[in-house]
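What follows is the content of final.txt (compact mmCIF, C-alpha atoms and all ligand atoms).
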```txt
# COMPACT_ATOMS: atom_id res chain seq x y z
CA MET T 1 20.82 2.52 21.56
CA SER T 2 18.15 0.11 20.30
CA VAL T 3 14.48 0.87 20.82
CA GLU T 4 14.07 -2.08 23.15
CA THR T 5 16.83 -0.92 25.55
CA ARG T 6 15.10 2.43 25.92
CA LEU T 7 11.92 0.73 27.19
CA PRO T 8 11.16 0.61 30.89
CA THR T 9 11.24 -3.00 32.09
CA GLY T 10 8.03 -4.92 32.64
CA VAL T 11 5.97 -2.50 30.59
CA ASP T 12 2.68 -3.86 29.19
CA LEU T 13 3.05 -2.52 25.68
CA ALA T 14 -0.59 -2.86 24.62
CA SER T 15 -1.93 -0.93 27.61
CA GLU T 16 0.86 1.68 27.40
CA ILE T 17 0.15 2.22 23.70
CA ASP T 18 -3.52 2.58 24.56
CA ARG T 19 -2.75 5.11 27.30
CA LEU T 20 -0.47 7.14 25.01
CA ARG T 21 -3.00 7.04 22.17
CA LYS T 22 -5.54 8.76 24.44
CA GLU T 23 -3.02 11.17 25.98
CA ARG T 24 -1.74 12.25 22.57
CA ASN T 25 -5.17 12.32 20.89
CA ALA T 26 -3.68 9.91 18.36
CA ILE T 27 -5.16 7.55 15.81
CA ILE T 28 -3.27 4.36 14.95
CA LEU T 29 -3.63 3.42 11.29
CA GLY T 30 -2.44 -0.02 10.19
CA HIS T 31 -2.02 -1.77 6.85
CA TYR T 32 -3.13 -5.39 6.37
CA TYR T 33 0.53 -6.43 5.99
CA GLN T 34 1.38 -5.42 9.57
CA ARG T 35 2.07 -7.94 12.32
CA PRO T 36 -1.15 -9.30 13.92
CA GLU T 37 -0.53 -7.54 17.25
CA ILE T 38 -0.28 -4.19 15.45
CA GLN T 39 -3.42 -4.89 13.41
CA ASP T 40 -5.20 -5.73 16.68
CA ILE T 41 -4.25 -2.50 18.42
CA ALA T 42 -4.86 -0.20 15.42
CA ASP T 43 -7.95 2.04 15.38
CA PHE T 44 -8.33 1.26 11.70
CA VAL T 45 -6.83 -1.39 9.42
CA GLY T 46 -7.17 -0.99 5.67
CA ASP T 47 -5.71 -0.90 2.19
CA SER T 48 -3.73 2.03 0.79
CA LEU T 49 -6.79 3.94 -0.43
CA GLU T 50 -8.78 3.44 2.78
CA LEU T 51 -5.79 4.49 4.88
CA SER T 52 -5.30 7.63 2.76
CA ARG T 53 -8.96 8.52 3.20
CA LYS T 54 -8.77 7.98 6.97
CA ALA T 55 -5.63 10.13 7.18
CA ALA T 56 -7.37 12.92 5.25
CA GLU T 57 -10.50 12.82 7.41
CA THR T 58 -9.28 12.23 10.94
CA ASP T 59 -9.79 14.74 13.79
CA ALA T 60 -6.91 13.23 15.76
CA GLU T 61 -3.87 15.45 16.39
CA VAL T 62 -1.39 12.61 15.83
CA ILE T 63 -1.40 9.86 13.21
CA ALA T 64 0.73 6.85 14.16
CA PHE T 65 1.11 5.18 10.79
CA CYS T 66 1.83 1.47 10.92
CA GLY T 67 2.72 0.79 7.33
CA VAL T 68 5.58 1.87 5.09
CA LYS T 69 7.05 5.30 4.51
CA PHE T 70 5.23 6.22 1.29
CA MET T 71 1.96 5.60 3.18
CA ALA T 72 2.97 7.80 6.12
CA ASP T 73 4.19 10.45 3.65
CA THR T 74 0.76 10.32 1.98
CA ALA T 75 -0.90 10.88 5.37
CA LYS T 76 1.28 13.95 5.93
CA ILE T 77 0.63 15.30 2.41
CA LEU T 78 -3.11 15.03 2.98
CA SER T 79 -3.09 16.14 6.63
CA PRO T 80 -0.23 18.63 6.98
CA ASP T 81 -1.40 20.00 10.33
CA LYS T 82 -1.19 16.61 12.02
CA ILE T 83 1.88 15.10 13.57
CA VAL T 84 2.55 11.90 11.58
CA VAL T 85 4.86 9.32 13.12
CA LEU T 86 6.16 6.13 11.52
CA PRO T 87 7.50 3.55 14.03
CA ASP T 88 10.51 2.74 11.81
CA MET T 89 11.73 5.30 9.27
CA ASP T 90 13.53 2.53 7.36
CA ALA T 91 10.21 0.93 6.41
CA GLY T 92 10.56 1.65 2.69
CA CYS T 93 9.30 -0.14 -0.42
CA SER T 94 11.10 -1.74 -3.37
CA LEU T 95 8.71 -0.01 -5.77
CA GLU T 96 9.56 3.41 -4.36
CA ASP T 97 13.28 2.55 -4.53
CA SER T 98 12.95 1.48 -8.18
CA CYS T 99 11.79 4.93 -9.28
CA PRO T 100 14.29 7.72 -8.52
CA PRO T 101 12.65 11.14 -9.15
CA ASP T 102 15.39 12.39 -11.53
CA LYS T 103 15.03 9.33 -13.79
CA PHE T 104 11.24 9.55 -13.63
CA ARG T 105 11.38 13.23 -14.57
CA ALA T 106 13.60 12.42 -17.58
CA PHE T 107 11.20 9.63 -18.63
CA ARG T 108 8.29 12.05 -18.45
CA GLU T 109 10.17 14.67 -20.42
CA ALA T 110 10.90 12.12 -23.13
CA HIS T 111 7.14 11.51 -23.51
CA PRO T 112 5.50 14.95 -23.30
CA ASP T 113 2.23 13.77 -24.87
CA HIS T 114 1.66 11.19 -22.09
CA ILE T 115 0.09 11.73 -18.68
CA ALA T 116 1.66 10.00 -15.68
CA LEU T 117 -0.72 7.63 -13.94
CA THR T 118 1.32 6.56 -10.94
CA TYR T 119 0.91 3.88 -8.30
CA ILE T 120 0.82 5.30 -4.77
CA ASN T 121 3.88 3.14 -3.91
CA CYS T 122 6.31 5.91 -4.85
CA SER T 123 8.11 8.86 -3.26
CA THR T 124 6.57 12.26 -2.60
CA GLU T 125 8.85 13.68 -5.33
CA VAL T 126 7.45 11.21 -7.88
CA LYS T 127 3.90 12.05 -6.77
CA ALA T 128 4.75 15.71 -7.45
CA LEU T 129 5.84 14.72 -10.98
CA SER T 130 2.65 12.72 -11.61
CA ASP T 131 -0.79 13.66 -12.87
CA ILE T 132 -2.96 11.08 -11.13
CA ILE T 133 -2.13 8.64 -8.33
CA VAL T 134 -3.85 5.27 -8.13
CA THR T 135 -3.98 2.49 -5.58
CA SER T 136 -4.68 -1.10 -6.51
CA SER T 137 -8.30 -0.70 -5.36
CA SER T 138 -8.91 2.52 -7.32
CA ALA T 139 -6.81 1.94 -10.47
CA GLU T 140 -9.57 0.39 -12.58
CA THR T 141 -12.18 3.03 -11.66
CA ILE T 142 -9.68 5.78 -12.42
CA LEU T 143 -8.34 4.30 -15.66
CA SER T 144 -11.87 3.88 -16.98
CA GLN T 145 -12.37 7.67 -16.66
CA ILE T 146 -9.34 8.55 -18.81
CA PRO T 147 -10.29 9.09 -22.47
CA PRO T 148 -9.07 6.21 -24.68
CA GLU T 149 -6.98 8.50 -26.92
CA GLN T 150 -4.97 9.84 -23.96
CA LYS T 151 -1.46 8.29 -23.87
CA ILE T 152 -0.34 7.06 -20.46
CA ILE T 153 2.89 6.37 -18.59
CA PHE T 154 2.27 3.93 -15.75
CA GLY T 155 4.81 3.50 -12.97
CA PRO T 156 6.46 2.22 -10.93
CA ASP T 157 4.86 -1.26 -10.80
CA ARG T 158 5.14 -2.98 -14.17
CA HIS T 159 2.98 -5.90 -13.01
CA LEU T 160 0.04 -3.75 -11.88
CA GLY T 161 0.48 -1.70 -15.06
CA GLY T 162 0.64 -4.85 -17.20
CA TYR T 163 -2.43 -6.29 -15.51
CA LEU T 164 -4.42 -3.08 -16.16
CA SER T 165 -3.12 -2.90 -19.69
CA ARG T 166 -4.26 -6.46 -20.45
CA LYS T 167 -7.62 -6.06 -18.72
CA PHE T 168 -8.47 -2.77 -20.46
CA GLY T 169 -6.85 -3.65 -23.79
CA ARG T 170 -4.99 -0.38 -23.44
CA GLU T 171 -1.34 0.17 -24.21
CA MET T 172 0.65 2.04 -21.55
CA LEU T 173 4.34 2.82 -21.21
CA LEU T 174 5.40 0.84 -18.13
CA TRP T 175 8.11 1.78 -15.65
CA PRO T 176 10.14 -1.37 -14.89
CA GLY T 177 9.64 -1.59 -11.08
CA VAL T 178 8.47 -4.60 -9.08
CA CYS T 179 7.43 -5.44 -5.53
CA ILE T 180 10.10 -7.83 -4.25
CA VAL T 181 7.51 -9.72 -2.23
CA HIS T 182 5.00 -10.48 -4.97
CA GLU T 183 7.79 -10.98 -7.53
CA ALA T 184 9.15 -13.84 -5.39
CA PHE T 185 5.99 -15.96 -5.54
CA SER T 186 6.74 -19.17 -7.33
CA GLU T 187 4.38 -20.55 -9.96
CA THR T 188 5.66 -24.07 -9.19
CA ALA T 189 4.87 -23.68 -5.49
CA LEU T 190 1.43 -22.30 -6.36
CA LEU T 191 0.70 -25.22 -8.69
CA LYS T 192 1.76 -27.65 -5.93
CA LEU T 193 -0.67 -25.95 -3.53
CA LYS T 194 -3.45 -26.15 -6.11
CA ALA T 195 -2.76 -29.86 -6.55
CA GLN T 196 -2.80 -30.41 -2.77
CA HIS T 197 -6.07 -28.48 -2.40
CA PRO T 198 -8.13 -29.33 -5.48
CA GLY T 199 -10.92 -26.84 -6.07
CA ALA T 200 -9.52 -24.19 -3.69
CA PRO T 201 -9.72 -20.81 -5.40
CA VAL T 202 -6.69 -18.52 -5.65
CA ALA T 203 -6.92 -14.80 -4.73
CA ALA T 204 -3.99 -12.71 -5.98
CA HIS T 205 -2.80 -9.13 -5.69
CA PRO T 206 -2.15 -7.37 -9.03
CA GLU T 207 1.47 -6.74 -7.94
CA CYS T 208 2.01 -10.46 -8.74
CA PRO T 209 3.69 -11.40 -12.02
CA PRO T 210 1.44 -12.71 -14.85
CA ALA T 211 2.49 -16.34 -14.18
CA ILE T 212 0.69 -16.08 -10.80
CA ILE T 213 -2.21 -13.88 -11.99
CA ASP T 214 -2.98 -16.44 -14.73
CA HIS T 215 -3.92 -18.99 -12.04
CA ALA T 216 -6.04 -16.59 -9.97
CA ASP T 217 -9.79 -16.81 -9.58
CA TYR T 218 -9.84 -13.32 -8.09
CA VAL T 219 -7.40 -10.43 -8.61
CA GLY T 220 -7.63 -7.32 -6.45
CA SER T 221 -6.27 -5.07 -3.75
CA THR T 222 -5.80 -6.24 -0.17
CA SER T 223 -9.31 -5.06 0.76
CA GLY T 224 -10.70 -6.73 -2.37
CA ILE T 225 -8.96 -10.00 -1.49
CA LEU T 226 -10.32 -9.78 2.05
CA GLN T 227 -13.82 -9.23 0.71
CA PHE T 228 -13.40 -12.24 -1.60
CA ALA T 229 -12.25 -14.31 1.40
CA LYS T 230 -15.46 -13.42 3.22
CA THR T 231 -17.70 -14.46 0.36
CA PHE T 232 -16.09 -17.34 -1.59
CA GLU T 233 -17.78 -20.72 -1.58
CA GLY T 234 -15.73 -23.61 -0.26
CA ASP T 235 -13.58 -24.09 2.80
CA THR T 236 -10.03 -23.33 1.61
CA LEU T 237 -8.56 -20.26 -0.08
CA ILE T 238 -5.05 -19.90 -1.51
CA VAL T 239 -3.81 -16.37 -0.91
CA ALA T 240 -1.19 -14.87 -3.26
CA THR T 241 -0.28 -11.72 -1.39
CA GLU T 242 1.67 -10.82 1.76
CA PRO T 243 0.47 -13.40 4.30
CA HIS T 244 -0.14 -11.07 7.28
CA ILE T 245 -3.53 -10.31 5.69
CA ILE T 246 -4.54 -13.85 6.65
CA HIS T 247 -4.90 -12.59 10.24
CA GLN T 248 -8.01 -10.62 9.21
CA MET T 249 -9.37 -13.55 7.21
CA GLU T 250 -9.04 -15.94 10.15
CA ARG T 251 -10.74 -13.43 12.43
CA ALA T 252 -13.65 -12.93 10.03
CA MET T 253 -14.03 -16.57 8.90
CA PRO T 254 -12.68 -18.82 11.69
CA GLY T 255 -14.15 -21.98 10.12
CA LYS T 256 -12.26 -21.61 6.83
CA ARG T 257 -8.69 -22.35 5.86
CA PHE T 258 -6.42 -19.71 4.34
CA ILE T 259 -3.11 -20.77 2.84
CA GLY T 260 -0.39 -18.27 1.92
CA THR T 261 1.56 -18.83 -1.29
CA PRO T 262 5.22 -19.49 -0.49
CA GLY T 263 7.99 -17.37 -1.93
CA GLY T 264 11.00 -18.82 -3.74
CA ASP T 265 11.22 -22.60 -3.43
CA GLY T 266 9.08 -22.49 -0.29
CA ASN T 267 12.04 -22.53 2.11
CA CYS T 268 12.42 -18.80 2.67
CA ASN T 269 10.44 -16.08 4.43
CA CYS T 270 10.47 -14.04 1.26
CA ASN T 271 6.68 -13.80 1.00
CA ILE T 272 6.82 -11.53 4.09
CA CYS T 273 7.42 -7.85 3.35
CA PRO T 274 10.71 -7.02 5.09
CA TYR T 275 9.83 -3.32 5.21
CA MET T 276 6.39 -3.76 6.79
CA ALA T 277 7.95 -6.15 9.32
CA LEU T 278 10.25 -3.41 10.66
CA ASN T 279 7.37 -1.92 12.64
CA THR T 280 6.98 -3.54 16.06
CA MET T 281 4.88 -2.88 19.15
CA GLU T 282 8.03 -1.58 20.89
CA LYS T 283 8.70 0.93 18.14
CA LEU T 284 5.03 1.99 18.04
CA TYR T 285 5.14 2.61 21.79
CA VAL T 286 8.29 4.73 21.45
CA ALA T 287 6.84 6.63 18.47
CA LEU T 288 3.76 7.60 20.50
CA ARG T 289 5.80 8.37 23.60
CA ASP T 290 8.40 10.56 21.84
CA LEU T 291 6.27 11.69 18.86
CA SER T 292 9.21 10.58 16.75
CA PRO T 293 10.32 9.50 14.14
CA ARG T 294 8.18 12.17 12.54
CA ILE T 295 7.36 12.70 8.85
CA GLU T 296 8.33 16.19 7.61
CA ILE T 297 7.82 17.35 4.03
CA GLU T 298 8.90 20.66 2.53
CA GLU T 299 5.71 22.70 1.92
CA GLY T 300 6.20 23.44 -1.81
CA LEU T 301 6.84 19.76 -2.53
CA ARG T 302 3.86 18.73 -0.39
CA VAL T 303 1.50 21.04 -2.28
CA ARG T 304 2.74 19.74 -5.65
CA ALA T 305 2.38 16.12 -4.55
CA LYS T 306 -1.10 16.74 -3.15
CA ARG T 307 -2.51 17.63 -6.58
CA SER T 308 -2.11 14.12 -7.97
CA LEU T 309 -3.36 12.58 -4.71
CA ASP T 310 -6.43 14.84 -4.67
CA ARG T 311 -7.13 13.70 -8.21
CA MET T 312 -7.03 10.10 -6.99
CA LEU T 313 -9.43 10.78 -4.13
CA GLU T 314 -11.85 12.62 -6.43
CA MET T 315 -11.69 10.11 -9.28
CA ALA T 316 -11.88 7.09 -6.98
CA SER T 317 -15.20 8.37 -5.69
CA GLY T 318 -16.33 9.64 -9.11
CA THR T 319 -16.48 13.33 -8.16
CA ILE T 320 -14.45 14.77 -11.06
CA GLY T 321 -15.66 15.64 -14.54
CA ARG T 322 -13.92 14.38 -17.70
CA GLY T 323 -13.15 17.95 -18.73
CA ASP T 324 -11.01 18.36 -15.59
CA LEU T 325 -8.48 15.70 -16.52
CA GLY T 326 -5.62 17.81 -17.88
CA PRO T 327 -2.06 17.24 -16.61
CA VAL T 328 -1.23 18.51 -13.12
CA GLY T 329 2.31 17.05 -12.80
CA GLU T 330 5.22 19.39 -12.17
CA ASP T 331 6.55 21.23 -15.24
P1 LIG C 401 -3.16 -2.28 -1.23
O1 LIG C 401 -3.33 -2.46 0.25
O2 LIG C 401 -3.67 -0.93 -1.63
O3 LIG C 401 -3.78 -3.39 -2.00
O4 LIG C 401 -1.60 -2.25 -1.56
C1 LIG C 401 -0.76 -3.27 -1.23
C2 LIG C 401 0.62 -2.78 -1.07
O5 LIG C 401 1.40 -2.72 -1.94
C3 LIG C 401 1.04 -2.32 0.19
O6 LIG C 401 2.37 -2.13 0.13
FE1 LIG C 402 6.43 -2.36 -1.17
FE2 LIG C 402 5.85 -4.86 -1.81
FE3 LIG C 402 6.34 -4.29 0.71
FE4 LIG C 402 4.08 -3.42 -0.45
S1 LIG C 402 4.64 -5.53 -0.07
S2 LIG C 402 5.48 -2.23 0.84
S3 LIG C 402 4.78 -3.07 -2.54
S4 LIG C 402 7.80 -4.12 -1.00
```
Go ahead and express the file in the form of structure tokens.
Ligand code: 13P
Ligand code: SF4
Amino acid sequence: MSVETRLPTGVDLASEIDRLRKERNAIILGHYYQRPEIQDIADFVGDSLELSRKAAETDAEVIAFCGVKFMADTAKILSPDKIVVLPDMDAGCSLEDSCPPDKFRAFREAHPDHIALTYINCSTEVKALSDIIVTSSSAETILSQIPPEQKIIFGPDRHLGGYLSRKFGREMLLWPGVCIVHEAFSETALLKLKAQHPGAPVAAHPECPPAIIDHADYVGSTSGILQFAKTFEGDTLIVATEPHIIHQMERAMPGKRFIGTPGGDGNCNCNICPYMALNTMEKLYVALRDLSPRIEIEEGLRVRAKRSLDRMLEMASGTIGRGDLGPVGED
């Protein structure tokens, strides 16, 4: 039976979600790529690092995670005593799919003198095989703390890895994964937009391929792009990331114009993340009502995955010493 057919008729979803949130002592966390109505009802909207921090700190008994599965898994790894629900368990990620743990393990084993610096967009198993997790907002701070002689494997996003590698002048072995959303941005469509809006700056996520990054005036995480949108001079900004973030920009800067970069030839919806879009208000209501679908992680795996995530949280806020940077990934 579909979620919708299990709903009582005439229910006001926003007020029911609000009622259940209080009844369950729940916090609703939402990523910037969620539908506007979910962003509006969330207690907190943020990027991957901010959402991880919130999940680790919250006093709520239930975390309703409106994002994709690796994000909800991260919340459970960091807050094992909380009930973590994800409105749609099929909300995956092409980067996670591109990096099966057995292949990643073999890659690591083939390069024993490298540490694994791994993007948070991966499975719990891959986190357990990694030494340090990064998000797009923490990657540069973390990479700058790793001694230059240390060899690095970076996965699963080859574009974020390539961007870091070029910016730091530092060679890394890159896993060949991509985000299907950012990969689909077309340079031709972006150049057309630039021609139509002369002088408008371009803000791009580092998951974009180099052909897009090369035209960007600002490159950063979703929260970085949002910050840029609040401070840039001019009246129009071209946004090269998933366009649901524009909701926050329009709220913060109603007098300015924000234009999403089209995917493909401009005639598809392929700049929208199909995984993020699976979460709906109906499914969020049902998740809070039934406390399901629930994230469960085997305890040994959770503890192993938490080591690389703890490293990220410490290094992102500069609370780890250089001497503490030995490998922690699974043997
Ligand atoms: P950030 O929000 O950390 O920039 O990550 C974007 C992303 O890939 C979400 O899937
Ligand atoms: Fe994964 Fe890309 Fe969707 Fe983010 S936008 S969840 S990286 S597929």
**Spatial neighbours of Thr141 (chain T), max dist 9 Å, all atoms listed in the file, sep filter under 3 positions, as a PyMOL selection string** = chain T and resi 137-138+144-145+315-318
Please produce an output containing C-alpha atoms for each residue in the selection, written as a PDB file, in the frame of the given file.
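Once everything was written out, this is out_38.pdb:
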```pdb
ATOM      1  CA  SER T 137      -8.300  -0.700  -5.360  1.00  0.00           C
ATOM      2  CA  SER T 138      -8.910   2.520  -7.320  1.00  0.00           C
ATOM      3  CA  SER T 144     -11.870   3.880 -16.980  1.00  0.00           C
ATOM      4  CA  GLN T 145     -12.370   7.670 -16.660  1.00  0.00           C
ATOM      5  CA  MET T 315     -11.690  10.110  -9.280  1.00  0.00           C
ATOM      6  CA  ALA T 316     -11.880   7.090  -6.980  1.00  0.00           C
ATOM      7  CA  SER T 317     -15.200   8.370  -5.690  1.00  0.00           C
ATOM      8  CA  GLY T 318     -16.330   9.640  -9.110  1.00  0.00           C
TER       9      GLY T 318
END
```
**Request:** For His215 (chain T), list every protein, DNA or RNA residue within 12 Å, evaluated using all atoms listed in the file, and leave out those in the same chain fewer than 4 positions away; present the list as a ChimeraX atom specification.
**Result:** /T:186-191,193-194,200-205,208-211,219,238-240
Taking all atoms listed in the file into account, report as a short mmCIF file (atom, residue, chain, number, x, y, z; two decimals) with C-alpha atoms, in the coordinates of the input which residues have an atom no farther than 7 Å from an atom of ligand LIG 401 (chain C).
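The file below, pocket01.cif, is the result:
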```
data_model
loop_
_atom_site.label_atom_id
_atom_site.label_comp_id
_atom_site.auth_asym_id
_atom_site.auth_seq_id
_atom_site.Cartn_x
_atom_site.Cartn_y
_atom_site.Cartn_z
CA HIS T 31 -2.02 -1.77 6.85
CA TYR T 32 -3.13 -5.39 6.37
CA GLY T 46 -7.17 -0.99 5.67
CA ASP T 47 -5.71 -0.90 2.19
CA SER T 48 -3.73 2.03 0.79
CA LEU T 49 -6.79 3.94 -0.43
CA ASN T 121 3.88 3.14 -3.91
CA THR T 135 -3.98 2.49 -5.58
CA SER T 136 -4.68 -1.10 -6.51
CA SER T 137 -8.30 -0.70 -5.36
CA HIS T 205 -2.80 -9.13 -5.69
CA SER T 221 -6.27 -5.07 -3.75
CA THR T 222 -5.80 -6.24 -0.17
CA SER T 223 -9.31 -5.06 0.76
#
```
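Shortest separation to Glu171 (chain T) among T:Arg24, T:Arg304, T:His114, T:Lys192 occurs at residue T:His114, atoms counted being all atoms listed in the file.
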**Request:** Using only C-alpha atoms and all ligand atoms, find each protein or nucleic acid residue lying at most 6 Å from ligand LIG 402 (chain C); present the set as a PyMOL selection string.
**Result:** chain T and resi 68+93-95+179-181+273+275
Residues within 6 Å of region 158-161 of chain T, only C-alpha atoms, excluding chain neighbours under 5 positions, as a PDB file with C-alpha atoms, keeping the file's coordinate frame:
```pdb
ATOM      1  CA  LEU T 174       5.400   0.840 -18.130  1.00  0.00           C
ATOM      2  CA  TRP T 175       8.110   1.780 -15.650  1.00  0.00           C
ATOM      3  CA  PRO T 176      10.140  -1.370 -14.890  1.00  0.00           C
ATOM      4  CA  GLY T 177       9.640  -1.590 -11.080  1.00  0.00           C
ATOM      5  CA  PRO T 206      -2.150  -7.370  -9.030  1.00  0.00           C
ATOM      6  CA  GLU T 207       1.470  -6.740  -7.940  1.00  0.00           C
ATOM      7  CA  PRO T 209       3.690 -11.400 -12.020  1.00  0.00           C
TER       8      PRO T 209
END
```
